[in-house]
Amino acid sequence: MSNPFSLEGKVALVTGANTGLGQGIAVALAEAGADVAIAGFVPPTETLEIIKKLGRKVVDINANLMSIEPVGRIVEETVKGLGKIDILVNNAGLIRRADSVDFSEKDWDDVMNVNIKSAFFLSQAVGKQFIAQGTGGKIINIASMLSFQGGIRVPSYTASKSAIAGITRLLANEWASKNINVNAIAPGYMSTDNTAQLRADEDRSNAILARIPAGRWGLPSDLAGTAIFLASPASDYVNGAIIPVDGGWLAR
C-alpha cells in the first residue's frame with residue numbers, strides 16, 4: 001500500500017466532538033482524508049467549520065447519549081449523509097467528582113450511561129453496519145489512565161473507564177474474524193474541560209505534573225497520530241489494544 005495511514009474515501013463517526021479530545025480526533029481524521037459525522041448534545045460549531053475548511057464532508061447529528069434512544073438514528077443519519085461508516089470513535093464522556101461516601105446515584109447513573117452503556121450499544125449498532133457492508137471497520141474507544149488505576153473521588157468514571165477497557169477486549173475477540181478492529185486510546189492527563197478543576201488546584205496540578213516524565217499536560221493534538229493509526233489500514237493486525245498516550249505517566 002502506498003500510504004497505510006491514509007483515510008481517503010473513509011467515513012468516520014465521532015461522538016462528543018464539540019471541543020477537547022473529540023474535536024482533536026475528528027479534525028485529525030479529516031486531515032488524513034476521512035469525511036466525518038459528529039454526534040453529540042452540544043453543537044460542534046467550531047469543529048464543523050474546521051472540517052469544512054479542510055474540504056471534507058461533515059454531518060452534524062444532534063443526539064443526547066445519556067440514553068441509548070438515539071443510537072439507531074445516529075447510524076441511520078451517518079449512512080444517509082455520508083453513504084457508509086468505516087470508523088467509529090466512542091469519545092463522548094462525563095466525569096463527576098465527589099468523595100465516595102457522598103457519591104449520588106444520579107452521578108453514578110449519568111456517567112455510566114454515557115461512558116459505557118451508550119458506547120457499547122453504539123458499537124453494537126455500528127458493528128452490525130460493518131457486517132452488513134461486508135467491508136469490516138475500525139472502532140476506537142476512549143479509555144483513560146483510570147482504566148489501569150483507581151483514581152480518587154471519581155468512582156463512576158473509574159468504573160466506566162475500566163469497563164471500556166474490558167469491552168474493548170471482548171469486542172476485539174468477537175469481531176476480529178469479521179475484519180473489525182476494536183482498540184482503545186487511554187489519554188493521560190490532558191488539558192480539557194474535564195480536568196479544569198484539577199488544573200485550577202495548584203497543589204494537585206503540581207503533583208500531577210511532577211509525575212509526568214514529559215513535564216506537561218497533554219493536548220488534544222497529542223492524540224492525532226494514535227487515532228489515525230488505529231483508524232487506518234496500518235493497524236489491520238492490531239486487536240484489543242489499549243494504547244496509553246500519557247507523556248510517560250504509566251511508566252513512572
# chains A, B, ... in the order shown; residues from 1 in each chain; ligands from 1

call {"tool": "residues_around", "arguments": {"residues": "region 38-52 of chain A", "least_positions_apart": "4", "cutoff": "10 Å", "atoms": "only C-alpha atoms", "output": "PyMOL selection string"}}
result
chain A and resi 12-19+22-24+26-31+34+56-66+70-71+74-75+77-78+89-92

call {"tool": "residues_around", "arguments": {"residues": "Gly9 (chain A)", "least_positions_apart": "6", "cutoff": "10 Å", "atoms": "only C-alpha atoms", "output": "list in words"}}
result
Gly33, Ala34, Asp35 and Asp86 of chain A

call {"tool": "select_by_dssp", "arguments": {"residues": "region 152-198 of chain A", "states": "strand (DSSP E or B)", "output": "PyMOL selection string"}}
result
chain A and resi 180-187+190

call {"tool": "write_last_selection", "arguments": {"atoms": "N, CA and C atoms", "output": "compact mmCIF listing (two decimals), in the first residue's frame"}}
result
# COMPACT_ATOMS: atom_id res chain seq x y z
N ILE A 180 -13.09 -6.55 11.74
CA ILE A 180 -13.40 -5.37 12.55
C ILE A 180 -12.36 -5.27 13.65
N ASN A 181 -11.63 -4.17 13.66
CA ASN A 181 -10.62 -3.95 14.69
C ASN A 181 -11.20 -3.07 15.78
N VAL A 182 -11.12 -3.53 17.02
CA VAL A 182 -11.60 -2.77 18.17
C VAL A 182 -10.42 -2.53 19.11
N ASN A 183 -10.08 -1.27 19.31
CA ASN A 183 -8.97 -0.88 20.15
C ASN A 183 -9.35 0.36 20.95
N ALA A 184 -8.47 0.79 21.82
CA ALA A 184 -8.76 1.98 22.63
C ALA A 184 -7.52 2.84 22.80
N ILE A 185 -7.75 4.12 22.98
CA ILE A 185 -6.71 5.07 23.36
C ILE A 185 -6.96 5.45 24.81
N ALA A 186 -5.90 5.43 25.62
CA ALA A 186 -6.01 5.85 27.02
C ALA A 186 -5.24 7.15 27.19
N PRO A 187 -5.93 8.28 27.09
CA PRO A 187 -5.24 9.56 27.28
C PRO A 187 -4.75 9.71 28.71
N MET A 190 -4.86 15.37 30.34
CA MET A 190 -4.96 16.25 29.19
C MET A 190 -5.58 17.58 29.59

call {"tool": "residues_around", "arguments": {"residues": "Gly93 (chain A)", "least_positions_apart": "4", "cutoff": "10 Å", "atoms": "only C-alpha atoms", "output": "list of chain:residue names"}}
result
A:Thr15, A:Gly16, A:Gly22, A:Leu65, A:Met66, A:Asp110, A:Val111, A:Met112, A:Asn113, A:Val114, A:Asn115, A:Ile116, A:Ser118, A:Ala119, A:Ile142, A:Ala143, A:Tyr157, A:Ser160, A:Lys161, A:Asn194

call {"tool": "select_by_dssp", "arguments": {"residues": "region 130-229 of chain A", "states": "alpha helix (DSSP H)", "output": "number ranges by chain"}}
result
A: 130-133, 155-175, 196-200, 202-211, 224-229

call {"tool": "atom_distance", "arguments": {"atom1": "CA of Ala251 (chain A)", "atom2": "CA of Asp222 (chain A)"}}
result
17.5 Å
